[in-house]
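**Q** For reference, the file input.cif (mmCIF, C-alpha atoms) is included below:
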data_start
#
loop_
_atom_site.label_atom_id
_atom_site.label_comp_id
_atom_site.auth_asym_id
_atom_site.auth_seq_id
_atom_site.Cartn_x
_atom_site.Cartn_y
_atom_site.Cartn_z
CA MET A 312 4.13 11.64 -18.91
CA GLN A 313 4.33 12.16 -15.20
CA TRP A 314 0.92 13.81 -15.22
CA LEU A 315 -0.64 10.51 -16.15
CA ASN A 316 0.38 9.11 -12.81
CA ASP A 317 -0.79 12.18 -10.92
CA LYS A 318 -4.51 11.68 -10.60
CA SER A 319 -5.21 15.10 -9.12
CA SER A 320 -3.61 16.84 -12.06
CA MET A 321 -5.67 14.74 -14.42
CA GLY A 322 -8.77 16.35 -12.99
CA ARG A 323 -7.52 19.82 -13.82
CA LEU A 324 -7.09 19.17 -17.46
CA ALA A 325 -9.54 21.03 -19.67
CA LEU A 326 -10.13 18.02 -21.87
CA LEU A 327 -9.32 14.39 -21.46
CA PHE A 328 -9.36 11.64 -23.95
CA GLY A 329 -11.36 8.56 -23.42
CA VAL A 330 -12.14 5.57 -25.42
CA LEU A 331 -15.34 3.77 -25.88
CA LEU A 332 -15.33 0.61 -27.82
CA SER A 333 -18.67 -0.82 -28.46
CA MET A 334 -20.13 -3.58 -30.46
CA VAL A 335 -23.63 -2.62 -31.32
CA LEU A 336 -26.20 -4.61 -33.12
CA SER A 337 -26.79 -2.36 -36.07
CA ALA A 338 -30.43 -3.14 -36.43
CA GLU A 339 -31.11 -2.03 -32.87
CA ALA A 340 -29.44 1.31 -33.32
CA GLN A 341 -31.05 2.37 -36.54
CA ASP A 342 -34.17 4.13 -37.48
CA LEU A 343 -35.79 4.47 -40.88
CA GLN A 344 -33.50 7.27 -41.98
CA THR A 345 -30.34 5.43 -41.01
CA PRO A 346 -28.61 3.36 -43.68
CA ASP A 347 -27.98 -0.28 -42.92
CA ILE A 348 -24.19 -0.53 -42.95
CA THR A 349 -24.10 -4.15 -41.89
CA ASN A 350 -24.38 -5.81 -45.25
CA GLN A 351 -23.26 -3.21 -47.74
CA ASN A 352 -20.12 -1.44 -48.71
CA VAL A 353 -19.99 1.88 -46.90
CA ASP A 354 -17.97 3.28 -49.81
CA SER A 355 -21.19 3.31 -51.81
CA LEU A 356 -22.99 5.57 -49.36
CA SER A 357 -23.31 9.28 -49.93
CA LEU A 358 -21.72 11.71 -47.53
CA GLU A 359 -25.15 12.59 -46.16
CA ALA A 360 -25.95 8.93 -45.57
CA LEU A 361 -22.62 8.40 -43.84
CA MET A 362 -23.27 11.33 -41.53
CA ASN A 363 -26.64 9.85 -40.57
CA ILE A 364 -25.21 6.54 -39.41
CA LYS A 365 -26.29 6.06 -35.82
CA VAL A 366 -23.74 5.26 -33.16
CA GLU A 367 -24.29 4.64 -29.48
CA SER A 368 -20.79 4.21 -28.20
CA ALA A 369 -19.71 7.85 -28.27
CA ALA A 370 -22.21 9.04 -25.67
CA LEU A 371 -24.08 5.88 -24.64
CA HIS A 372 -27.22 6.94 -26.46
CA PRO A 373 -28.08 6.83 -30.17
CA GLN A 374 -26.87 9.80 -32.15
CA SER A 375 -25.78 10.44 -35.70
CA LEU A 376 -22.12 10.56 -36.61
CA GLN A 377 -22.27 14.27 -37.26
CA ASP A 378 -23.60 14.85 -33.75
CA ALA A 379 -21.10 12.55 -32.04
CA LEU A 380 -18.45 14.40 -30.06
CA ALA A 381 -15.87 11.83 -30.99
CA SER A 382 -13.64 10.47 -33.68
CA VAL A 383 -15.60 7.42 -34.74
CA THR A 384 -14.48 4.52 -36.89
CA ILE A 385 -16.91 1.77 -37.82
CA ILE A 386 -15.57 -1.64 -38.71
CA THR A 387 -18.19 -3.69 -40.50
CA ALA A 388 -18.52 -7.44 -40.69
CA GLU A 389 -17.37 -7.18 -44.31
CA ASP A 390 -14.17 -5.44 -43.17
CA ILE A 391 -13.52 -8.23 -40.69
CA ARG A 392 -13.99 -10.84 -43.39
CA LYS A 393 -11.97 -8.95 -46.00
CA TYR A 394 -8.96 -8.18 -43.85
CA GLY A 395 -9.08 -11.41 -41.89
CA TYR A 396 -9.05 -9.91 -38.42
CA ARG A 397 -8.82 -12.78 -35.97
CA THR A 398 -8.90 -10.83 -32.74
CA LEU A 399 -10.48 -7.60 -31.57
CA GLY A 400 -6.99 -6.22 -31.09
CA GLU A 401 -6.12 -6.84 -34.73
CA ALA A 402 -9.26 -5.04 -35.85
CA LEU A 403 -8.65 -2.07 -33.59
CA SER A 404 -5.02 -1.73 -34.61
CA SER A 405 -6.35 -0.65 -38.01
CA VAL A 406 -8.11 2.33 -36.43
CA ARG A 407 -6.27 5.64 -36.46
CA GLY A 408 -4.84 6.50 -33.08
CA PHE A 409 -5.13 2.95 -31.73
CA TYR A 410 -2.28 0.58 -31.10
CA THR A 411 -1.91 -2.80 -29.47
CA SER A 412 0.59 -4.02 -26.95
CA ASN A 413 1.33 -7.60 -26.01
CA ASP A 414 3.32 -8.75 -22.99
CA ARG A 415 2.87 -12.42 -23.97
CA THR A 416 0.26 -12.72 -21.27
CA TYR A 417 -2.31 -10.09 -22.17
CA GLU A 418 -2.94 -8.12 -25.32
CA THR A 419 -4.10 -4.59 -24.61
CA VAL A 420 -5.17 -1.67 -26.75
CA GLY A 421 -3.98 1.88 -26.35
CA VAL A 422 -5.13 5.09 -27.89
CA ARG A 423 -3.35 8.42 -28.16
CA GLY A 424 -0.88 7.54 -25.44
CA TYR A 425 -3.31 5.97 -23.00
CA ASP A 426 -2.65 2.41 -21.93
CA LEU A 427 0.81 2.76 -20.53
CA PRO A 428 2.47 -0.56 -19.73
CA GLY A 429 0.71 -1.92 -16.68
CA ASP A 430 -2.53 0.00 -17.22
CA TYR A 431 -4.19 -3.11 -18.64
CA ASP A 432 -6.80 -0.94 -20.31
CA GLY A 433 -8.30 0.46 -17.15
CA HIS A 434 -9.15 3.60 -19.15
CA VAL A 435 -10.91 1.78 -21.93
CA LEU A 436 -14.60 0.97 -21.85
CA VAL A 437 -15.69 -1.99 -23.92
CA LEU A 438 -19.36 -2.61 -24.42
CA VAL A 439 -20.94 -5.63 -26.05
CA ASN A 440 -24.50 -4.74 -26.95
CA GLY A 441 -24.31 -2.06 -24.29
CA HIS A 442 -22.87 -4.27 -21.56
CA ASN A 443 -19.51 -3.50 -20.04
CA ILE A 444 -17.29 -6.57 -20.17
CA ALA A 445 -14.34 -5.35 -18.13
CA ASP A 446 -13.50 -7.60 -15.21
CA ASN A 447 -15.45 -6.55 -12.14
CA ILE A 448 -12.60 -6.73 -9.65
CA PHE A 449 -9.77 -4.69 -11.11
CA ASP A 450 -11.80 -3.04 -13.89
CA TYR A 451 -9.28 -4.22 -16.44
CA MET A 452 -10.11 -5.10 -20.02
CA LEU A 453 -7.80 -7.95 -20.95
CA PHE A 454 -9.68 -9.60 -23.76
CA PHE A 455 -8.38 -7.96 -26.91
CA GLY A 456 -6.47 -11.09 -27.90
CA ASP A 457 -7.65 -14.65 -28.05
CA GLY A 458 -9.54 -14.27 -24.79
CA PHE A 459 -12.31 -12.12 -26.25
CA PRO A 460 -15.55 -14.01 -25.63
CA ILE A 461 -16.91 -13.56 -29.17
CA ASP A 462 -15.19 -15.14 -32.15
CA MET A 463 -14.56 -12.59 -34.87
CA ASN A 464 -16.17 -14.88 -37.44
CA LEU A 465 -19.43 -14.51 -35.57
CA MET A 466 -19.56 -10.79 -36.22
CA SER A 467 -21.83 -11.02 -39.24
CA GLY A 468 -24.73 -8.72 -38.51
CA HIS A 469 -22.64 -6.69 -36.09
CA THR A 470 -20.33 -3.76 -36.35
CA ILE A 471 -17.50 -2.60 -34.16
CA THR A 472 -17.62 1.07 -33.35
CA ALA A 473 -14.38 2.53 -32.10
CA ALA A 474 -14.79 6.00 -30.73
CA THR A 475 -12.15 8.27 -29.33
CA ALA A 476 -13.97 10.89 -27.35
CA SER A 477 -12.92 14.11 -25.70
CA TRP A 478 -14.94 15.31 -22.77
CA PRO A 479 -14.76 18.13 -20.29
CA THR A 480 -13.66 16.95 -16.89
CA ARG A 481 -16.78 18.33 -15.28
CA ARG A 482 -19.09 15.40 -15.66
CA ALA A 483 -22.37 16.87 -14.49
CA ASN A 484 -24.22 15.53 -17.49
CA TRP A 485 -22.50 12.17 -17.65
CA PRO A 486 -23.45 9.01 -15.84
CA SER A 487 -21.11 8.44 -12.95
CA CYS A 488 -20.32 4.95 -14.13
CA VAL A 489 -18.96 6.31 -17.39
CA SER A 490 -16.67 8.75 -15.67
CA ARG A 491 -15.48 6.13 -13.27
CA TYR A 492 -14.55 3.76 -16.00
CA LEU A 493 -12.90 6.40 -18.08
CA TRP A 494 -11.10 8.55 -15.59
CA GLY A 495 -10.65 6.52 -12.46
CA GLU A 496 -12.42 6.61 -9.15
CA ASP A 497 -11.20 10.02 -8.04
CA SER A 498 -11.87 11.94 -11.21
CA THR A 499 -13.73 15.19 -10.88
CA MET B 584 0.81 -2.80 -43.60
CA GLN B 585 1.19 -1.17 -40.23
CA TYR B 586 3.72 1.21 -38.78
CA GLN B 587 4.47 1.16 -35.09
CA SER B 588 6.35 4.20 -33.93
CA ARG B 589 9.09 4.38 -31.36
CA MET B 590 7.66 3.88 -27.88
CA GLU B 591 9.12 4.70 -24.51
CA THR B 592 9.31 1.97 -21.90
CA LEU B 593 8.93 2.39 -18.17
CA VAL B 594 12.71 2.65 -17.95
CA SER B 595 13.43 6.31 -18.50
CA GLY B 596 15.28 6.92 -21.74
CA LEU B 597 14.82 3.39 -23.04
CA TYR B 598 12.73 3.06 -26.20
CA VAL B 599 11.60 0.23 -28.44
CA SER B 600 12.40 0.75 -32.09
CA PRO B 601 9.83 1.70 -34.73
CA VAL B 602 8.83 -1.06 -37.10
CA TYR B 603 6.79 -1.74 -40.24
CA LEU B 604 4.67 -4.86 -40.08
CA ALA B 605 3.09 -6.57 -43.07
CA ASP B 606 0.16 -8.96 -42.82
CA PHE B 607 -1.41 -10.86 -45.69
CA THR B 608 -4.75 -12.61 -45.66
CA LEU B 609 -6.46 -14.64 -48.36
CA THR B 610 -10.11 -15.41 -47.75
CA SER B 611 -12.47 -17.39 -49.93
CA LYS B 612 -16.03 -16.24 -50.45
CA HIS B 613 -18.69 -18.91 -50.85
CA LEU B 614 -16.14 -21.64 -51.47
CA GLN B 615 -18.77 -24.13 -50.42
CA ARG B 616 -22.28 -23.55 -49.28
CA ASP B 617 -21.36 -23.83 -45.63
CA PHE B 618 -17.60 -23.48 -45.60
CA ASP B 619 -14.91 -20.95 -46.37
CA VAL B 620 -11.15 -21.04 -45.97
CA ARG B 621 -8.81 -18.31 -44.82
CA LEU B 622 -5.04 -18.35 -45.18
CA GLY B 623 -2.82 -15.74 -43.63
CA ILE B 624 0.65 -14.58 -42.77
CA ARG B 625 1.40 -12.29 -39.88
CA ASN B 626 4.65 -10.34 -39.68
CA ALA B 627 5.42 -11.54 -43.20
CA PHE B 628 8.91 -10.05 -43.34
CA ASN B 629 9.84 -11.55 -39.98
CA ARG B 630 10.70 -8.19 -38.46
CA ASN B 631 12.22 -8.24 -35.01
CA TYR B 632 10.34 -5.86 -32.72
CA SER B 633 9.29 -5.46 -29.12
CA ASP B 634 6.46 -3.94 -27.11
CA PRO B 635 6.88 -2.06 -23.83
CA VAL B 636 5.66 -4.17 -20.92
CA ALA B 637 5.34 -3.83 -17.15
CA LEU B 638 5.67 -7.42 -15.95
CA TYR B 639 8.90 -6.86 -14.04
CA LEU B 640 11.03 -3.80 -13.54
CA THR B 641 13.96 -5.65 -15.02
CA VAL B 642 12.03 -6.53 -18.20
CA PRO B 643 10.95 -3.26 -19.84
CA SER B 644 10.11 -4.75 -23.26
CA MET B 645 9.00 -8.07 -24.69
CA ILE B 646 10.02 -9.52 -28.03
CA GLN B 647 7.01 -10.12 -30.26
CA PRO B 648 6.28 -13.09 -32.50
CA GLY B 649 8.07 -13.39 -35.81
CA ARG B 650 6.56 -14.63 -39.06
CA SER B 651 3.58 -16.87 -38.46
CA PHE B 652 1.08 -18.63 -40.68
CA PHE B 653 -2.45 -19.75 -40.11
CA VAL B 654 -5.12 -21.70 -41.92
CA GLU B 655 -8.68 -21.22 -40.82
CA LEU B 656 -11.72 -23.26 -41.79
CA ILE B 657 -14.89 -21.26 -41.37
CA ALA B 658 -18.22 -23.03 -41.07
CA HIS B 659 -21.35 -20.98 -41.73
CA ARG B 660 -24.81 -21.54 -40.60
CA ALA B 661 -27.34 -21.39 -43.40
CA ARG B 662 -26.89 -18.07 -45.18
CA PRO B 663 -29.92 -15.82 -45.45
CA GLY B 664 -31.66 -16.57 -48.73
CA SER B 665 -29.67 -19.71 -49.49
#
Represent the structure contained in this file as structure tokens.
**A**
Amino acid sequence: MQWLNDKSSMGRLALLFGVLLSMVLSAEAQDLQTPDITNQNVDSLSLEALMNIKVESAALHPQSLQDALASVTIITAEDIRKYGYRTLGEALSSVRGFYTSNDRTYETVGVRGYDLPGDYDGHVLVLVNGHNIADNIFDYMLFFGDGFPIDMNLMSGHTITAATASWPTRRANWPSCVSRYLWGEDST
Amino acid sequence: MQYQSRMETLVSGLYVSPVYLADFTLTSKHLQRDFDVRLGIRNAFNRNYSDPVALYLTVPSMIQPGRSFFVELIAHRARPGS
């Protein structure tokens, strides 16, 4: 895993993995053709309806699941109630590829090997209604445990969208802020 | 039920062991008009496991909590349509 510490070699990789975690107000992200997944069991939706669910977190603009260049998992308010998730970390640990780590000070979330000990989720972008909530000094995201500013019981009407995205390192079409948060300041 | 695989720590060649974790949650639905109750157990089988950490070079892993219980009282605002 030495290449993870070598920032210049990171830039030469053909694809890199990034993570966008976003809580989006479902009603804001949906149009007339998009099923409302907030208050119904997604198991009852047809495959076509599932593919038309709109997500914003994969590319920071609304797109259907079938267009999203990402592995997307949507956790509904009903899932949170049913499984009793008390923290964002607990909810995300149910998502494939995600894992949590706790040093008794901070709880962090990793995905596919990212979030080495000491990273403190500097490679993870967390958006609440489109707003980045990482700390603005070190760019860490340390709120996956009890410190998350929104109680999980207040998630009714919201969904958590966990997206694991793969992007080319050339970021010509991506906002610079996204690349900075995902790949570090010297990414190319 | 969750499975946490073997993970390498920052000390080369030192790993934390894989572990199965079981959580149980019991949640009421419409117990009262404005209240619900949630009971839960985390790490129900009291498995001993650790996570890799980077607090100090001499502490490559941190023991995680054992079996724990919680009781949660949930107060709702007025439900839509109620």
**Q** Could you tell me which of A:Asp414, A:Asp446, A:Asp462, A:Asp432 comes closest to chain B if we count all atoms listed in the file?
**A**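 Using all atoms listed in the file, the shortest distance to chain B belongs to A:Asp414.
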**Q** In Å, how far is it from atom CA of Tyr632 of chain B to atom CA of Glu591 of chain B?
**A** 13.4 Å
**Q** With the PyMOL selection byres ((chain B and resi 594) around 12) as the selection, what would be picked from this file? Answer as an MDAnalysis selection string, please.
**A** (chainID A and resid 428) or (chainID B and resid 590:593 595:599 635:637 639:644)
**Q** Counting all atoms listed in the file, what are the residues of chain A within 8 Å of chain B, and for each of them which pair of atoms is the nearest and at what distance in Å, to one decimal? Sort the table by chain and rising number, as JSON lines.
**A**
{"residue": "A:Arg392", "atom": "CA", "partner": "B:Thr610", "partner_atom": "CA", "distance": 7.4}
{"residue": "A:Lys393", "atom": "CA", "partner": "B:Thr610", "partner_atom": "CA", "distance": 6.9}
{"residue": "A:Tyr394", "atom": "CA", "partner": "B:Thr608", "partner_atom": "CA", "distance": 6.4}
{"residue": "A:Gly395", "atom": "CA", "partner": "B:Thr608", "partner_atom": "CA", "distance": 5.9}
{"residue": "A:Ser405", "atom": "CA", "partner": "B:Gln585", "partner_atom": "CA", "distance": 7.9}
{"residue": "A:Tyr410", "atom": "CA", "partner": "B:Gln587", "partner_atom": "CA", "distance": 7.9}
{"residue": "A:Ser412", "atom": "CA", "partner": "B:Asp634", "partner_atom": "CA", "distance": 5.9}
{"residue": "A:Asn413", "atom": "CA", "partner": "B:Asp634", "partner_atom": "CA", "distance": 6.4}
{"residue": "A:Asp414", "atom": "CA", "partner": "B:Val636", "partner_atom": "CA", "distance": 5.5}
{"residue": "A:Arg415", "atom": "CA", "partner": "B:Met645", "partner_atom": "CA", "distance": 7.6}
{"residue": "A:Pro428", "atom": "CA", "partner": "B:Val636", "partner_atom": "CA", "distance": 5.0}
{"residue": "A:Gly429", "atom": "CA", "partner": "B:Ala637", "partner_atom": "CA", "distance": 5.0}
{"residue": "A:Asn464", "atom": "CA", "partner": "B:Ile657", "partner_atom": "CA", "distance": 7.6}
**Q** Evaluated on this file, the PyMOL selection byres ((chain A and resi 449) around 12) picks out some residues - which ones are they, written as a PyMOL selection string?
**A** chain A and resi 430-434+444-448+450-453+492+495-496
**Q** Quick one: which residues end up in the PyMOL selection byres ((chain A and resi 419-424) around 6) for this structure, as a list of chain:residue names?
**A**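 So the PyMOL selection byres ((chain A and resi 419-424) around 6), applied here, picks out A:Gly408, A:Phe409, A:Tyr410, A:Thr411, A:Ser412, A:Glu418, A:Tyr425, A:Asp426, A:Phe455.
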**Q** Find the distance between atom CA of Phe618 of chain B and atom CA of Leu656 of chain B and write it in Å to one decimal.
**A**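 Between atom CA of Phe618 of chain B and atom CA of Leu656 of chain B the gap works out to 7.0 Å.
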**Q** Expressed in Å to a single decimal, how great is the separation between atom CA of Tyr417 of chain A and atom CA of Asp619 of chain B?
**A** 29.4 Å
**Q** Given the point (7.0, -9.7, -44.8) in the coordinates of this file, which residues lie within 8 Å, counting all atoms listed in the file, and how would they look as JSON, numbers by chain?
**A** {"B": [604, 605, 606, 625, 626, 627, 628, 629, 630, 650]}
